[in-house]
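Here is the file input.pdb (PDB, C-alpha atoms).
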```pdb
ATOM      1  CA  MET A  16      24.286  40.955  60.876
ATOM      2  CA  SER A  17      27.604  40.410  62.673
ATOM      3  CA  ASN A  18      31.044  41.193  61.398
ATOM      4  CA  GLU A  19      31.820  37.541  61.214
ATOM      5  CA  ASP A  20      29.018  36.990  58.787
ATOM      6  CA  GLU A  21      30.375  39.772  56.636
ATOM      7  CA  ARG A  22      33.613  37.986  56.052
ATOM      8  CA  PRO A  23      34.231  36.957  52.453
ATOM      9  CA  GLU A  24      34.542  33.251  53.105
ATOM     10  CA  HIS A  25      31.282  33.151  55.008
ATOM     11  CA  ARG A  26      29.557  35.057  52.241
ATOM     12  CA  LEU A  27      30.858  32.608  49.641
ATOM     13  CA  ARG A  28      29.700  29.591  51.598
ATOM     14  CA  ARG A  29      26.250  31.111  51.976
ATOM     15  CA  GLU A  30      25.867  31.908  48.287
ATOM     16  CA  LEU A  31      27.186  28.604  46.922
ATOM     17  CA  PRO A  32      24.034  26.445  47.528
ATOM     18  CA  GLU A  33      21.872  29.024  45.813
ATOM     19  CA  GLU A  34      24.089  28.946  42.714
ATOM     20  CA  VAL A  35      23.995  25.177  42.623
ATOM     21  CA  GLN A  36      20.241  25.199  42.988
ATOM     22  CA  ALA A  37      19.936  27.751  40.193
ATOM     23  CA  SER A  38      22.166  25.710  37.974
ATOM     24  CA  ALA A  39      20.075  22.597  38.600
ATOM     25  CA  SER A  40      16.924  24.499  37.837
ATOM     26  CA  SER A  41      18.459  25.737  34.606
ATOM     27  CA  ASP A  42      19.413  22.196  33.557
ATOM     28  CA  SER A  43      15.872  20.976  34.250
ATOM     29  CA  SER A  44      14.432  23.754  32.120
ATOM     30  CA  GLU A  45      16.765  22.963  29.242
ATOM     31  CA  ALA A  46      15.810  19.242  29.402
ATOM     32  CA  LEU A  47      12.125  20.134  29.374
ATOM     33  CA  ILE A  48      12.611  22.417  26.366
ATOM     34  CA  THR A  49      14.561  19.682  24.564
ATOM     35  CA  GLU A  50      11.804  17.148  25.294
ATOM     36  CA  GLU A  51       9.158  19.553  24.039
ATOM     37  CA  LYS A  52      11.116  20.139  20.839
ATOM     38  CA  SER A  53      11.668  16.435  20.208
ATOM     39  CA  GLY A  54       7.932  15.745  20.449
ATOM     40  CA  PRO A  55       6.201  12.545  21.615
ATOM     41  CA  THR A  56       7.988   9.228  21.257
ATOM     42  CA  VAL A  57       7.012   7.198  18.053
ATOM     43  CA  THR A  58       6.591   3.436  18.528
ATOM     44  CA  GLY A  59       7.743   0.745  16.074
ATOM     45  CA  ARG A  60       4.170  -0.140  15.086
ATOM     46  CA  GLN A  61       3.443   3.492  14.265
ATOM     47  CA  ARG A  62       6.555   3.694  12.101
ATOM     48  CA  LEU A  63       5.429   0.478  10.277
ATOM     49  CA  VAL A  64       1.977   1.922   9.589
ATOM     50  CA  GLN A  65       3.502   5.167   8.348
ATOM     51  CA  GLY A  66       5.727   3.158   5.984
ATOM     52  CA  LEU A  67       2.850   1.143   4.530
ATOM     53  CA  TRP A  68       0.189   3.821   4.172
ATOM     54  CA  PRO A  69      -0.319   5.646   1.971
ATOM     55  CA  PRO A  70       1.033   3.001  -0.457
ATOM     56  CA  ARG A  71       3.837   3.993  -2.781
ATOM     57  CA  VAL A  72       3.256   2.126  -6.091
ATOM     58  CA  SER A  73       5.781   2.350  -8.862
ATOM     59  CA  ARG A  74       4.864   2.261 -12.558
ATOM     60  CA  ALA A  75       6.328  -1.227 -13.007
ATOM     61  CA  GLN A  76       4.309  -2.600 -10.078
ATOM     62  CA  LEU A  77       1.132  -1.068 -11.524
ATOM     63  CA  ILE A  78       1.750  -2.712 -14.927
ATOM     64  CA  VAL A  79       2.366  -6.104 -13.301
ATOM     65  CA  ALA A  80      -0.842  -5.763 -11.275
ATOM     66  CA  VAL A  81      -2.877  -4.982 -14.414
ATOM     67  CA  LEU A  82      -1.398  -7.975 -16.261
ATOM     68  CA  LEU A  83      -2.144 -10.325 -13.358
ATOM     69  CA  PHE A  84      -5.709  -9.033 -13.171
ATOM     70  CA  GLY A  85      -6.199  -9.633 -16.917
ATOM     71  CA  LEU A  86      -4.772 -13.150 -16.635
ATOM     72  CA  GLY A  87      -7.048 -14.000 -13.726
ATOM     73  CA  PHE A  88     -10.101 -12.626 -15.520
ATOM     74  CA  GLY A  89      -9.305 -14.672 -18.642
ATOM     75  CA  LEU A  90      -8.929 -17.866 -16.616
ATOM     76  CA  ALA A  91     -12.227 -17.193 -14.861
ATOM     77  CA  VAL A  92     -14.038 -16.682 -18.181
ATOM     78  CA  GLN A  93     -12.531 -19.880 -19.608
ATOM     79  CA  VAL A  94     -13.545 -21.922 -16.569
ATOM     80  CA  ALA A  95     -17.082 -20.507 -16.737
ATOM     81  CA  SER A  96     -17.299 -21.298 -20.468
ATOM     82  CA  ASN A  97     -16.147 -24.879 -19.930
ATOM     83  CA  SER A  98     -18.622 -25.248 -17.090
ATOM     84  CA  ASN A  99     -21.491 -24.056 -19.308
ATOM     85  CA  SER A 100     -20.530 -26.370 -22.176
ATOM     86  CA  ASP A 101     -20.287 -29.370 -19.848
ATOM     87  CA  SER A 102     -23.471 -28.633 -17.881
ATOM     88  CA  ALA A 103     -25.685 -30.421 -20.422
ATOM     89  CA  LEU A 104     -23.614 -33.581 -20.228
ATOM     90  CA  ARG A 105     -23.436 -33.526 -16.425
ATOM     91  CA  GLY A 106     -27.209 -33.361 -16.251
ATOM     92  CA  ALA A 107     -27.773 -35.993 -18.920
ATOM     93  CA  ARG A 108     -29.253 -39.378 -18.172
ATOM     94  CA  GLN A 109     -27.200 -42.527 -18.343
ATOM     95  CA  GLU A 110     -28.877 -43.732 -21.524
ATOM     96  CA  ASP A 111     -28.171 -40.364 -23.192
ATOM     97  CA  LEU A 112     -24.497 -40.601 -22.306
ATOM     98  CA  VAL A 113     -24.380 -44.141 -23.669
ATOM     99  CA  ARG A 114     -25.978 -42.934 -26.901
ATOM    100  CA  ILE A 115     -23.395 -40.128 -27.239
ATOM    101  CA  LEU A 116     -20.562 -42.625 -26.759
ATOM    102  CA  ASP A 117     -22.117 -44.915 -29.350
ATOM    103  CA  GLU A 118     -22.302 -42.021 -31.796
ATOM    104  CA  LEU A 119     -18.616 -41.231 -31.273
ATOM    105  CA  ASP A 120     -17.760 -44.874 -31.828
ATOM    106  CA  ASP A 121     -19.803 -44.876 -35.040
ATOM    107  CA  ARG A 122     -17.989 -41.785 -36.317
ATOM    108  CA  THR A 123     -14.650 -43.410 -35.579
ATOM    109  CA  GLN A 124     -15.764 -46.546 -37.404
ATOM    110  CA  ARG A 125     -16.848 -44.521 -40.448
ATOM    111  CA  LEU A 126     -13.460 -42.864 -40.644
ATOM    112  CA  GLU A 127     -11.756 -46.235 -40.339
ATOM    113  CA  ASP A 128     -13.953 -47.676 -43.111
ATOM    114  CA  GLU A 129     -13.112 -44.731 -45.349
ATOM    115  CA  LYS A 130      -9.429 -45.256 -44.681
ATOM    116  CA  GLN A 131      -9.678 -48.938 -45.569
ATOM    117  CA  GLY A 132     -11.583 -48.110 -48.758
ATOM    118  CA  LEU A 133      -8.873 -45.716 -49.902
ATOM    119  CA  GLN A 134      -6.209 -48.293 -49.135
ATOM    120  CA  LYS A 135      -8.162 -50.865 -51.157
ATOM    121  CA  GLN A 136      -8.331 -48.531 -54.152
ATOM    122  CA  ARG A 137      -4.606 -47.958 -53.936
ATOM    123  CA  ASP A 138      -3.926 -51.688 -53.793
ATOM    124  CA  GLU A 139      -6.193 -52.327 -56.802
ATOM    125  CA  LEU A 140      -4.362 -49.705 -58.811
ATOM    126  CA  GLU A 141      -1.013 -51.165 -57.886
ATOM    127  CA  ASN A 142      -1.972 -54.802 -58.558
ATOM    128  CA  SER A 143      -4.282 -54.454 -61.565
ATOM    129  CA  SER A 144      -2.914 -55.756 -64.884
ATOM    130  CA  ASP A 145      -4.747 -52.999 -66.728
ATOM    131  CA  GLN A 146      -4.092 -50.001 -64.537
ATOM    132  CA  ALA A 147      -5.491 -47.547 -67.087
ATOM    133  CA  GLU A 148      -8.892 -49.290 -67.162
ATOM    134  CA  GLU A 149      -8.995 -49.586 -63.408
ATOM    135  CA  ALA A 150      -8.161 -45.912 -63.101
ATOM    136  CA  ARG A 151     -11.021 -45.015 -65.472
ATOM    137  CA  LYS A 152     -13.474 -47.115 -63.440
ATOM    138  CA  GLN A 153     -12.441 -45.466 -60.220
ATOM    139  CA  THR A 154     -12.587 -42.047 -61.838
ATOM    140  CA  ALA A 155     -16.166 -42.648 -63.015
ATOM    141  CA  GLU A 156     -17.186 -43.846 -59.547
ATOM    142  CA  LYS A 157     -15.516 -40.885 -57.922
ATOM    143  CA  GLU A 158     -17.310 -38.561 -60.346
ATOM    144  CA  LYS A 159     -20.681 -39.938 -59.207
ATOM    145  CA  GLN A 160     -19.733 -39.476 -55.576
ATOM    146  CA  LEU A 161     -18.582 -35.927 -56.135
ATOM    147  CA  GLY A 162     -21.754 -35.228 -58.131
ATOM    148  CA  ILE A 163     -23.836 -36.274 -55.140
ATOM    149  CA  LEU A 164     -21.821 -34.054 -52.827
ATOM    150  CA  ALA A 165     -22.000 -31.139 -55.284
ATOM    151  CA  GLY A 166     -25.740 -31.578 -55.744
ATOM    152  CA  THR A 167     -25.539 -32.102 -59.515
ATOM    153  CA  VAL A 168     -26.694 -35.734 -59.326
ATOM    154  CA  ALA A 169     -29.853 -37.158 -57.736
ATOM    155  CA  ALA A 170     -29.324 -39.607 -54.893
ATOM    156  CA  GLN A 171     -31.297 -42.221 -53.003
ATOM    157  CA  GLY A 172     -30.640 -44.467 -50.061
ATOM    158  CA  PRO A 173     -31.460 -45.023 -46.397
ATOM    159  CA  GLY A 174     -31.736 -42.028 -44.114
ATOM    160  CA  ILE A 175     -34.120 -39.903 -42.107
ATOM    161  CA  THR A 176     -36.713 -37.195 -42.524
ATOM    162  CA  MET A 177     -37.056 -34.278 -40.116
ATOM    163  CA  THR A 178     -39.995 -31.885 -40.092
ATOM    164  CA  ILE A 179     -39.862 -28.637 -38.110
ATOM    165  CA  ASP A 180     -43.266 -27.039 -37.607
ATOM    166  CA  ASP A 181     -42.733 -23.398 -36.596
ATOM    167  CA  THR A 182     -46.165 -21.911 -35.850
ATOM    168  CA  LYS A 183     -44.712 -19.169 -33.622
ATOM    169  CA  GLY A 184     -42.174 -17.975 -36.174
ATOM    170  CA  THR A 185     -39.331 -18.324 -33.687
ATOM    171  CA  VAL A 186     -37.038 -20.607 -35.704
ATOM    172  CA  GLU A 187     -34.126 -18.677 -37.172
ATOM    173  CA  ALA A 188     -31.521 -19.414 -39.829
ATOM    174  CA  ASP A 189     -28.738 -20.208 -37.364
ATOM    175  CA  MET A 190     -30.863 -22.973 -35.802
ATOM    176  CA  LEU A 191     -31.369 -24.654 -39.171
ATOM    177  CA  LEU A 192     -27.661 -24.229 -39.887
ATOM    178  CA  ASP A 193     -26.869 -26.030 -36.613
ATOM    179  CA  ALA A 194     -29.087 -28.891 -37.771
ATOM    180  CA  VAL A 195     -27.258 -29.101 -41.118
ATOM    181  CA  GLN A 196     -23.855 -29.104 -39.433
ATOM    182  CA  GLU A 197     -24.909 -31.748 -36.920
ATOM    183  CA  LEU A 198     -26.196 -33.973 -39.720
ATOM    184  CA  ARG A 199     -22.976 -33.570 -41.673
ATOM    185  CA  ALA A 200     -20.946 -34.474 -38.607
ATOM    186  CA  ALA A 201     -23.081 -37.601 -38.180
ATOM    187  CA  GLY A 202     -22.281 -38.769 -41.726
ATOM    188  CA  ALA A 203     -25.024 -37.265 -43.900
ATOM    189  CA  GLU A 204     -24.146 -37.689 -47.590
ATOM    190  CA  ALA A 205     -27.013 -35.750 -49.191
ATOM    191  CA  ILE A 206     -29.348 -33.163 -47.655
ATOM    192  CA  GLN A 207     -32.369 -31.374 -49.060
ATOM    193  CA  VAL A 208     -34.382 -28.714 -47.208
ATOM    194  CA  ASN A 209     -37.813 -28.197 -48.759
ATOM    195  CA  ASP A 210     -36.923 -27.715 -52.442
ATOM    196  CA  VAL A 211     -33.300 -26.614 -52.004
ATOM    197  CA  ARG A 212     -30.304 -28.936 -52.245
ATOM    198  CA  VAL A 213     -27.764 -28.349 -49.472
ATOM    199  CA  VAL A 214     -24.116 -28.480 -50.579
ATOM    200  CA  ALA A 215     -20.744 -27.534 -49.154
ATOM    201  CA  ASN A 216     -21.087 -23.791 -49.806
ATOM    202  CA  THR A 217     -24.742 -23.481 -48.783
ATOM    203  CA  TYR A 218     -25.593 -20.453 -46.640
ATOM    204  CA  LEU A 219     -28.742 -19.647 -44.640
ATOM    205  CA  THR A 220     -30.077 -16.186 -43.786
ATOM    206  CA  ASP A 221     -33.124 -14.811 -42.021
ATOM    207  CA  SER A 222     -35.828 -13.404 -44.296
ATOM    208  CA  GLY A 223     -38.504 -11.799 -42.182
ATOM    209  CA  LYS A 224     -40.223 -14.628 -40.330
ATOM    210  CA  SER A 225     -38.892 -17.125 -42.856
ATOM    211  CA  VAL A 226     -35.474 -18.432 -43.843
ATOM    212  CA  SER A 227     -33.568 -18.204 -47.115
ATOM    213  CA  VAL A 228     -31.293 -21.035 -48.263
ATOM    214  CA  ASP A 229     -28.760 -19.924 -50.865
ATOM    215  CA  GLY A 230     -31.035 -16.969 -51.608
ATOM    216  CA  ASN A 231     -34.166 -19.142 -52.004
ATOM    217  CA  LYS A 232     -36.874 -18.268 -49.517
ATOM    218  CA  ILE A 233     -38.489 -21.251 -47.800
ATOM    219  CA  ASN A 234     -41.398 -21.258 -45.400
ATOM    220  CA  ALA A 235     -42.307 -23.430 -42.431
ATOM    221  CA  PRO A 236     -42.773 -26.279 -41.995
ATOM    222  CA  TYR A 237     -39.138 -27.000 -42.811
ATOM    223  CA  ARG A 238     -38.687 -30.510 -44.211
ATOM    224  CA  PHE A 239     -35.277 -32.145 -44.209
ATOM    225  CA  LYS A 240     -34.556 -35.195 -46.362
ATOM    226  CA  VAL A 241     -31.220 -36.703 -45.386
ATOM    227  CA  ILE A 242     -29.396 -39.731 -46.823
ATOM    228  CA  GLY A 243     -27.031 -41.520 -44.483
ATOM    229  CA  LYS A 244     -26.958 -44.166 -41.773
ATOM    230  CA  PRO A 245     -30.203 -43.706 -39.795
ATOM    231  CA  GLN A 246     -28.657 -45.209 -36.661
ATOM    232  CA  ASP A 247     -26.172 -42.332 -36.637
ATOM    233  CA  LEU A 248     -28.310 -39.466 -37.910
ATOM    234  CA  GLU A 249     -31.283 -39.704 -35.549
ATOM    235  CA  PRO A 250     -29.293 -39.915 -32.266
ATOM    236  CA  ALA A 251     -27.153 -36.983 -33.373
ATOM    237  CA  LEU A 252     -30.247 -34.771 -33.463
ATOM    238  CA  ASN A 253     -31.611 -35.990 -30.127
ATOM    239  CA  ILE A 254     -28.529 -35.673 -27.921
ATOM    240  CA  PRO A 255     -29.036 -33.578 -24.737
ATOM    241  CA  GLY A 256     -28.784 -29.909 -25.596
ATOM    242  CA  GLY A 257     -28.788 -30.761 -29.302
ATOM    243  CA  VAL A 258     -30.871 -29.682 -32.266
ATOM    244  CA  VAL A 259     -34.237 -31.104 -31.198
ATOM    245  CA  GLN A 260     -34.088 -29.732 -27.649
ATOM    246  CA  THR A 261     -33.002 -26.311 -28.887
ATOM    247  CA  LEU A 262     -35.888 -26.102 -31.356
ATOM    248  CA  GLU A 263     -38.396 -27.328 -28.788
ATOM    249  CA  LYS A 264     -37.265 -24.562 -26.420
ATOM    250  CA  GLU A 265     -38.332 -22.151 -29.176
ATOM    251  CA  GLN A 266     -41.810 -23.781 -29.113
ATOM    252  CA  ALA A 267     -41.260 -25.526 -32.425
ATOM    253  CA  THR A 268     -42.492 -29.079 -33.043
ATOM    254  CA  VAL A 269     -39.861 -31.471 -34.379
ATOM    255  CA  THR A 270     -40.582 -34.877 -35.877
ATOM    256  CA  VAL A 271     -37.736 -37.234 -36.841
ATOM    257  CA  GLY A 272     -38.300 -40.550 -38.598
ATOM    258  CA  ARG A 273     -36.102 -43.236 -40.125
ATOM    259  CA  SER A 274     -36.629 -44.579 -43.607
ATOM    260  CA  ALA A 275     -35.098 -47.343 -45.706
ATOM    261  CA  LYS A 276     -35.310 -45.186 -48.841
ATOM    262  CA  ILE A 277     -34.899 -41.441 -49.061
ATOM    263  CA  VAL A 278     -34.877 -39.733 -52.460
ATOM    264  CA  VAL A 279     -32.990 -36.446 -52.811
ATOM    265  CA  ASP A 280     -33.794 -35.296 -56.334
ATOM    266  CA  THR A 281     -33.410 -31.516 -56.256
ATOM    267  CA  LEU A 282     -30.387 -30.633 -58.388
ATOM    268  CA  ARG A 283     -28.038 -27.701 -58.589
ATOM    269  CA  ALA A 284     -26.418 -26.443 -61.744
ATOM    270  CA  ALA A 285     -22.720 -27.144 -61.984
ATOM    271  CA  LYS A 286     -20.858 -23.892 -61.625
ATOM    272  CA  GLN A 287     -17.640 -23.409 -63.525
ATOM    273  CA  PRO A 288     -15.040 -21.737 -61.313
ATOM    274  CA  ASP A 289     -13.891 -18.342 -62.499
ATOM    275  CA  TYR A 290     -10.248 -18.649 -61.548
ATOM    276  CA  ALA A 291      -9.454 -22.121 -60.218
ATOM    277  CA  ARG A 292      -8.138 -24.681 -62.671
ATOM    278  CA  SER A 293      -7.039 -28.269 -62.230
ATOM    279  CA  SER A 294      -3.350 -28.624 -61.505
ATOM    280  CA  SER A 295      -3.146 -32.248 -62.722
ATOM    281  CA  ARG A 296      -1.354 -32.956 -65.999
TER     282      ARG A 296
END
```
Can I see the file as structure tokens?
Amino acid sequence: MSNEDERPEHRLRRELPEEVQASASSDSSEALITEEKSGPTVTGRQRLVQGLWPPRVSRAQLIVAVLLFGLGFGLAVQVASNSNSDSALRGARQEDLVRILDELDDRTQRLEDEKQGLQKQRDELENSSDQAEEARKQTAEKEKQLGILAGTVAAQGPGITMTIDDTKGTVEADMLLDAVQELRAAGAEAIQVNDVRVVANTYLTDSGKSVSVDGNKINAPYRFKVIGKPQDLEPALNIPGGVVQTLEKEQATVTVGRSAKIVVDTLRAAKQPDYARSSSR
């Protein structure tokens, strides 16, 4: 090494690139360490997934979800119930649908006739010269009508007979009760099942393989004697999904016939109410 190379300025010039290179290497190392500490870069989609899962549900949101589920379940059950109740009519024949409409028209006409009869009685009371006598006549007539409904008076008139032959023992009390209710809805004015008079407070219960009506055990075949308009009573029992079809599904044999004269002569004793008293003065 020459003396010229030993001079301070030459030594400084020779060392300067090495220092710069060392400084650059140091900066690169620091950047690498910083990158390692910061970790891999997270994309926007990854941040969205991290925000959505796992879900963070508050108590209020959970309550709202339960209420909406209950509401939806209730609507589904109602729709299914309506579908089941309408399935019989959707599958009915045209003549059956016409018969059902005729029955509804007949019921409407009966209600209209009853309304006109009550209006006529009112007019007679208002216009009669002897209102007291007219009132007594109407009271006596009303007493007979109420006696028929209460089962304390025998009755006769047009109607139908229905015989249910239950050889399998599958007919239950609720099926006979459905028949009674259907007959009442069709305008039945007096009903007798075997030897028991059916009235407003009649109840039916199962008794082994038989049925009890108001505590009186009756055995098959069950014979109904019904006074009313035959043209209304018989179709009411034979509508699709009605009484006759239900009993036939239970392997019972049902026979319905019209008659110009039905006699309902089984009577019930008049029961004095324990607490109720007339409020008229």
Between atom CA of Leu192 of chain A and atom CA of Val214 of chain A - distance in Å to one decimal: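 We find that atom CA of Val214 of chain A and atom CA of Leu192 of chain A lie 12.0 Å from each other.
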Result set of the PyMOL selection byres ((chain A and resi 235) around 10) on the coordinates above, as JSON, numbers by chain: {"A": [178, 179, 180, 181, 182, 184, 186, 209, 224, 225, 226, 233, 234, 236, 237, 238]}
Hits from the PyMOL selection byres ((chain A and resi 198) around 10), listed as an NGL selection string: :A and (192-197 or 199-206 or 241-243 or 247-249 or 251-252 or 258)
Written selection (C-alpha atoms) as a PDB file, keeping the file's coordinate frame:
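Final output, selection-v5.pdb:
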```pdb
ATOM      1  CA  LEU A 192     -27.661 -24.229 -39.887  1.00  0.00           C
ATOM      2  CA  ASP A 193     -26.869 -26.030 -36.613  1.00  0.00           C
ATOM      3  CA  ALA A 194     -29.087 -28.891 -37.771  1.00  0.00           C
ATOM      4  CA  VAL A 195     -27.258 -29.101 -41.118  1.00  0.00           C
ATOM      5  CA  GLN A 196     -23.855 -29.104 -39.433  1.00  0.00           C
ATOM      6  CA  GLU A 197     -24.909 -31.748 -36.920  1.00  0.00           C
ATOM      7  CA  ARG A 199     -22.976 -33.570 -41.673  1.00  0.00           C
ATOM      8  CA  ALA A 200     -20.946 -34.474 -38.607  1.00  0.00           C
ATOM      9  CA  ALA A 201     -23.081 -37.601 -38.180  1.00  0.00           C
ATOM     10  CA  GLY A 202     -22.281 -38.769 -41.726  1.00  0.00           C
ATOM     11  CA  ALA A 203     -25.024 -37.265 -43.900  1.00  0.00           C
ATOM     12  CA  GLU A 204     -24.146 -37.689 -47.590  1.00  0.00           C
ATOM     13  CA  ALA A 205     -27.013 -35.750 -49.191  1.00  0.00           C
ATOM     14  CA  ILE A 206     -29.348 -33.163 -47.655  1.00  0.00           C
ATOM     15  CA  VAL A 241     -31.220 -36.703 -45.386  1.00  0.00           C
ATOM     16  CA  ILE A 242     -29.396 -39.731 -46.823  1.00  0.00           C
ATOM     17  CA  GLY A 243     -27.031 -41.520 -44.483  1.00  0.00           C
ATOM     18  CA  ASP A 247     -26.172 -42.332 -36.637  1.00  0.00           C
ATOM     19  CA  LEU A 248     -28.310 -39.466 -37.910  1.00  0.00           C
ATOM     20  CA  GLU A 249     -31.283 -39.704 -35.549  1.00  0.00           C
ATOM     21  CA  ALA A 251     -27.153 -36.983 -33.373  1.00  0.00           C
ATOM     22  CA  LEU A 252     -30.247 -34.771 -33.463  1.00  0.00           C
ATOM     23  CA  VAL A 258     -30.871 -29.682 -32.266  1.00  0.00           C
TER      24      VAL A 258
END
```
Length of the atom CA of Val213 of chain A to atom CA of Gly162 of chain A vector [Å]: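 Straight-line distance from atom CA of Val213 of chain A to atom CA of Gly162 of chain A works out to 12.6 Å.
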Contacts of Tyr218 of chain A at 9 Å (only C-alpha atoms; same-chain gap of 2+ positions) as a ChimeraX atom specification: /A:192,213,215-216,220,227-230
Coordinates-based distance that separates atom CA of Pro250 of chain A from atom CA of Lys130 of chain A (Å, one decimal):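 These atoms are spaced 24.0 Å apart.
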Residues returned when the PyMOL selection byres ((chain A and resi 278-287) around 8) runs on this file, as a list in words: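 With the shown file as input, the PyMOL selection byres ((chain A and resi 278-287) around 8) matches Ala165, Gly166, Thr167, Val168, Ala169, Ala170, Gln171, Gly172, Ala205, Ile206, Gln207, Asp210, Val211, Arg212, Lys240, Val241, Ile242, Lys276, Ile277, Pro288 and Asp289 of chain A.
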Nearest candidate to Phe239 of chain A (options A:Gly59, A:Gly272, A:Gly132, A:Gly85; using all atoms listed in the file):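 Going through A:Gly59, A:Gly272, A:Gly132, A:Gly85 one by one, the smallest distance to Phe239 of chain A is for A:Gly272.
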